[in-house]
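Novice: Below is the structure I would like to discuss, written out as C-alpha cells.
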Amino acid sequence: MTNEIFEHAMAAFDTEGESLVATKGVIDRVSFEKAAEALATATRIGTAGCGHTGIACQHLAHLMCCIERPARFISPAEAVHGGLGYMQKGDVMVLASRGGKTDELLPIADICKRKGVTVIGVTENPASPLAEKSDIVILMKVTKECDKYNCQGTTSFSVTCGIFDALQTAVMELTEFQNEEFAVIHPGGAVGKRLNNK
C-alpha cells in the first residue's frame with residue numbers, strides 16, 4: 001500500500017467527522033424533541049430504509065429494543081406486501097433517505113398517514129417528497145462520501161447512525177431507563193457480565 005492510498009483511507013475519518021459536526025448544526029431542536037418524545041411514548045416503532053440507510057434503520061430498531069421500546073425494521077419490499085399490518089394508530093414509523101426521494105419509501109409514508117401512524121423522516125432535503133409526507137423531519141448534512149467517486153453511502157451511513165444514536169440517548173432520558181433493566185435483557189457478552197456481576 002502506498003502512502004497516498006493510506007492517507008486517502010485515513011481521510012475518511014476527517015470526512016465523516018466533518019459531516020457529523022455539520023449535521024449537529026442543522027438539526028432543529030423542536031423537531032428533534034418531538035421525534036424523541038414520539039419514540040418514547042409509541043406502542044410500537046417501525047423503521048425502514050434502503051441500502052446503507054436500511055442497515056442504519058436496522059441499527060435504530062435494535063437500539064430501541066435495547067431500551068425496551070418495541071421496534072422492528074420493516075423491509076420496504078415487505079412493507080407494501082402486508083408488512084405494514086404491524087403498524088397501528090399511534091405508532092411511529094422512522095423513514096430515512098438522504099435525498100428524500102427513495103421510491104420504495106414514499107408509499108410507506110402514505111399508508112402510515114392513512115393509518116394514523118406518526119412518520120419521522122430523516123433526510124438532507126427539506127423540500128423532498130419524504131419530508132413533505134413526514135409529520136416530523138430531522139435534517140442531516142453530508143458534505144462528502146468517503147470514496148473517491150463520492151458514490152458509496154459511507155458518510156451518509158455514519159451520519160444517519162449518529163442521528164439515531166442521539167435519539168436513543170434522548171429516549172433513555174425521557175423514559176428514565178435504568179441500567180438494571182438493561183442487565184435483565186442483556187446477559188450476554190462482556191457488557192452483560194459486567195452489569196450482572198454488580
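All residue names refer to the C-alpha cells as shown: chains lettered A, B, ... in order, residues numbered from 1 in each chain, ligands numbered from 1 in order.
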Within 10 Å of Gly51 of chain A, counting only C-alpha atoms, which residues qualify if same-chain residues fewer than 5 places away don't, as a ChimeraX atom specification?

Specialist: /A:56-57,97,152-153,157

Novice: Which residues of segment 32-55 of chain A sit at most 7 Å from segment 63-85 of chain A, using only C-alpha atoms? Give each one's shortest atom pair and distance in Å (one decimal place), in chain and ascending residue order, as CSV.

Specialist:
residue,atom,partner,partner_atom,distance
A:Arg44,CA,A:Pro70,CA,5.3
A:Ile45,CA,A:Ala71,CA,4.4
A:Gly46,CA,A:Arg72,CA,5.3
A:Thr47,CA,A:Phe73,CA,4.8
A:Ala48,CA,A:Ile74,CA,5.5
A:Gly49,CA,A:Pro76,CA,6.8

Novice: Please return, as a ChimeraX atom specification, all residues of chain A that DSSP assigns to strand (DSSP E or B) on the basis of the backbone.

Specialist: /A:45-48,71-73,92-96,118-123,136-139

Novice: So the first atom is atom CA of Glu16 of chain A and the second is atom CA of Met140 of chain A; what is the distance between them in Å, to one decimal place?

Specialist: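 Separating atom CA of Glu16 of chain A from atom CA of Met140 of chain A is a distance of 12.4 Å.
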
Novice: Which neighbours of Val92 of chain A fall inside 8 Å, counting only C-alpha atoms, when residues of the same chain fewer than 3 positions from it are skipped, and could you give them as number ranges by chain?

Specialist: A: 38-39, 42, 44-46, 87, 117-120

Novice: Output N, CA and C atoms for every residue in the selection just made, as an mmCIF file, in the first residue's frame.

Specialist:
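Output saved as result_13.cif:
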data_model
loop_
_atom_site.group_PDB
_atom_site.id
_atom_site.type_symbol
_atom_site.label_atom_id
_atom_site.label_comp_id
_atom_site.auth_asym_id
_atom_site.auth_seq_id
_atom_site.Cartn_x
_atom_site.Cartn_y
_atom_site.Cartn_z
ATOM 1 N N ALA A 38 -41.970 11.199 20.607
ATOM 2 C CA ALA A 38 -42.809 10.239 19.889
ATOM 3 C C ALA A 38 -42.282 8.821 20.066
ATOM 4 N N LEU A 39 -40.970 8.657 19.970
ATOM 5 C CA LEU A 39 -40.367 7.336 20.142
ATOM 6 C C LEU A 39 -40.506 6.844 21.578
ATOM 7 N N ALA A 42 -44.455 5.779 21.935
ATOM 8 C CA ALA A 42 -45.126 4.918 20.957
ATOM 9 C C ALA A 42 -45.299 3.500 21.485
ATOM 10 N N ARG A 44 -45.549 0.909 19.398
ATOM 11 C CA ARG A 44 -44.651 0.170 18.506
ATOM 12 C C ARG A 44 -43.887 1.169 17.649
ATOM 13 N N ILE A 45 -42.689 0.762 17.228
ATOM 14 C CA ILE A 45 -41.856 1.588 16.365
ATOM 15 C C ILE A 45 -41.444 0.754 15.157
ATOM 16 N N GLY A 46 -41.590 1.344 13.983
ATOM 17 C CA GLY A 46 -41.118 0.693 12.772
ATOM 18 C C GLY A 46 -40.028 1.545 12.153
ATOM 19 N N MET A 87 -47.966 -1.956 11.933
ATOM 20 C CA MET A 87 -48.126 -0.593 12.425
ATOM 21 C C MET A 87 -49.600 -0.260 12.657
ATOM 22 N N VAL A 117 -50.407 6.629 11.778
ATOM 23 C CA VAL A 117 -49.068 6.373 12.304
ATOM 24 C C VAL A 117 -48.213 7.630 12.117
ATOM 25 N N THR A 118 -47.531 8.064 13.134
ATOM 26 C CA THR A 118 -46.659 9.230 13.043
ATOM 27 C C THR A 118 -45.418 8.880 12.234
ATOM 28 N N VAL A 119 -45.107 9.690 11.234
ATOM 29 C CA VAL A 119 -43.949 9.444 10.377
ATOM 30 C C VAL A 119 -42.830 10.425 10.714
ATOM 31 N N ILE A 120 -41.684 9.874 11.070
ATOM 32 C CA ILE A 120 -40.476 10.678 11.277
ATOM 33 C C ILE A 120 -39.590 10.473 10.057
#

Novice: From a backbone DSSP assignment, name each residue in segment 39-75 of chain A labelled helix (DSSP H, G or I), as a PDB file with N, CA and C atoms, in the first residue's frame.

Specialist:
ATOM      1  N   LEU A  39     -40.970   8.657  19.970  1.00  0.00           N
ATOM      2  CA  LEU A  39     -40.367   7.336  20.142  1.00  0.00           C
ATOM      3  C   LEU A  39     -40.506   6.844  21.578  1.00  0.00           C
ATOM      4  N   ALA A  40     -40.463   7.761  22.522  1.00  0.00           N
ATOM      5  CA  ALA A  40     -40.534   7.392  23.933  1.00  0.00           C
ATOM      6  C   ALA A  40     -41.926   6.953  24.348  1.00  0.00           C
ATOM      7  N   THR A  41     -42.946   7.362  23.609  1.00  0.00           N
ATOM      8  CA  THR A  41     -44.324   7.076  24.008  1.00  0.00           C
ATOM      9  C   THR A  41     -45.060   6.127  23.067  1.00  0.00           C
ATOM     10  N   GLY A  51     -30.649   0.157   1.200  1.00  0.00           N
ATOM     11  CA  GLY A  51     -29.199   0.181   1.105  1.00  0.00           C
ATOM     12  C   GLY A  51     -28.528   0.415   2.449  1.00  0.00           C
ATOM     13  N   HIS A  52     -27.473   1.236   2.432  1.00  0.00           N
ATOM     14  CA  HIS A  52     -26.770   1.550   3.667  1.00  0.00           C
ATOM     15  C   HIS A  52     -27.720   2.144   4.705  1.00  0.00           C
ATOM     16  N   THR A  53     -28.646   2.971   4.249  1.00  0.00           N
ATOM     17  CA  THR A  53     -29.584   3.606   5.172  1.00  0.00           C
ATOM     18  C   THR A  53     -30.494   2.574   5.809  1.00  0.00           C
ATOM     19  N   GLY A  54     -30.831   1.543   5.060  1.00  0.00           N
ATOM     20  CA  GLY A  54     -31.640   0.460   5.613  1.00  0.00           C
ATOM     21  C   GLY A  54     -30.918  -0.239   6.753  1.00  0.00           C
ATOM     22  N   ILE A  55     -29.613  -0.430   6.591  1.00  0.00           N
ATOM     23  CA  ILE A  55     -28.821  -1.054   7.655  1.00  0.00           C
ATOM     24  C   ILE A  55     -28.803  -0.142   8.887  1.00  0.00           C
ATOM     25  N   ALA A  56     -28.703   1.171   8.656  1.00  0.00           N
ATOM     26  CA  ALA A  56     -28.764   2.125   9.769  1.00  0.00           C
ATOM     27  C   ALA A  56     -30.117   2.034  10.475  1.00  0.00           C
ATOM     28  N   CYS A  57     -31.184   1.832   9.706  1.00  0.00           N
ATOM     29  CA  CYS A  57     -32.520   1.713  10.292  1.00  0.00           C
ATOM     30  C   CYS A  57     -32.653   0.425  11.105  1.00  0.00           C
ATOM     31  N   GLN A  58     -31.981  -0.635  10.683  1.00  0.00           N
ATOM     32  CA  GLN A  58     -31.935  -1.854  11.493  1.00  0.00           C
ATOM     33  C   GLN A  58     -31.241  -1.565  12.823  1.00  0.00           C
ATOM     34  N   HIS A  59     -30.204  -0.756  12.755  1.00  0.00           N
ATOM     35  CA  HIS A  59     -29.478  -0.344  13.957  1.00  0.00           C
ATOM     36  C   HIS A  59     -30.406   0.403  14.914  1.00  0.00           C
ATOM     37  N   LEU A  60     -31.220   1.310  14.386  1.00  0.00           N
ATOM     38  CA  LEU A  60     -32.149   2.056  15.239  1.00  0.00           C
ATOM     39  C   LEU A  60     -33.152   1.121  15.898  1.00  0.00           C
ATOM     40  N   ALA A  61     -33.699   0.178  15.139  1.00  0.00           N
ATOM     41  CA  ALA A  61     -34.665  -0.759  15.712  1.00  0.00           C
ATOM     42  C   ALA A  61     -34.028  -1.538  16.862  1.00  0.00           C
ATOM     43  N   HIS A  62     -32.785  -1.949  16.677  1.00  0.00           N
ATOM     44  CA  HIS A  62     -32.087  -2.681  17.739  1.00  0.00           C
ATOM     45  C   HIS A  62     -31.844  -1.782  18.952  1.00  0.00           C
ATOM     46  N   LEU A  63     -31.428  -0.542  18.706  1.00  0.00           N
ATOM     47  CA  LEU A  63     -31.219   0.395  19.809  1.00  0.00           C
ATOM     48  C   LEU A  63     -32.487   0.562  20.636  1.00  0.00           C
ATOM     49  N   MET A  64     -33.623   0.699  19.967  1.00  0.00           N
ATOM     50  CA  MET A  64     -34.886   0.882  20.671  1.00  0.00           C
ATOM     51  C   MET A  64     -35.242  -0.358  21.489  1.00  0.00           C
ATOM     52  N   CYS A  65     -35.037  -1.542  20.910  1.00  0.00           N
ATOM     53  CA  CYS A  65     -35.328  -2.774  21.652  1.00  0.00           C
ATOM     54  C   CYS A  65     -34.448  -2.875  22.895  1.00  0.00           C
ATOM     55  N   CYS A  66     -33.200  -2.414  22.785  1.00  0.00           N
ATOM     56  CA  CYS A  66     -32.269  -2.489  23.910  1.00  0.00           C
ATOM     57  C   CYS A  66     -32.689  -1.606  25.083  1.00  0.00           C
TER      58      CYS A  66
END
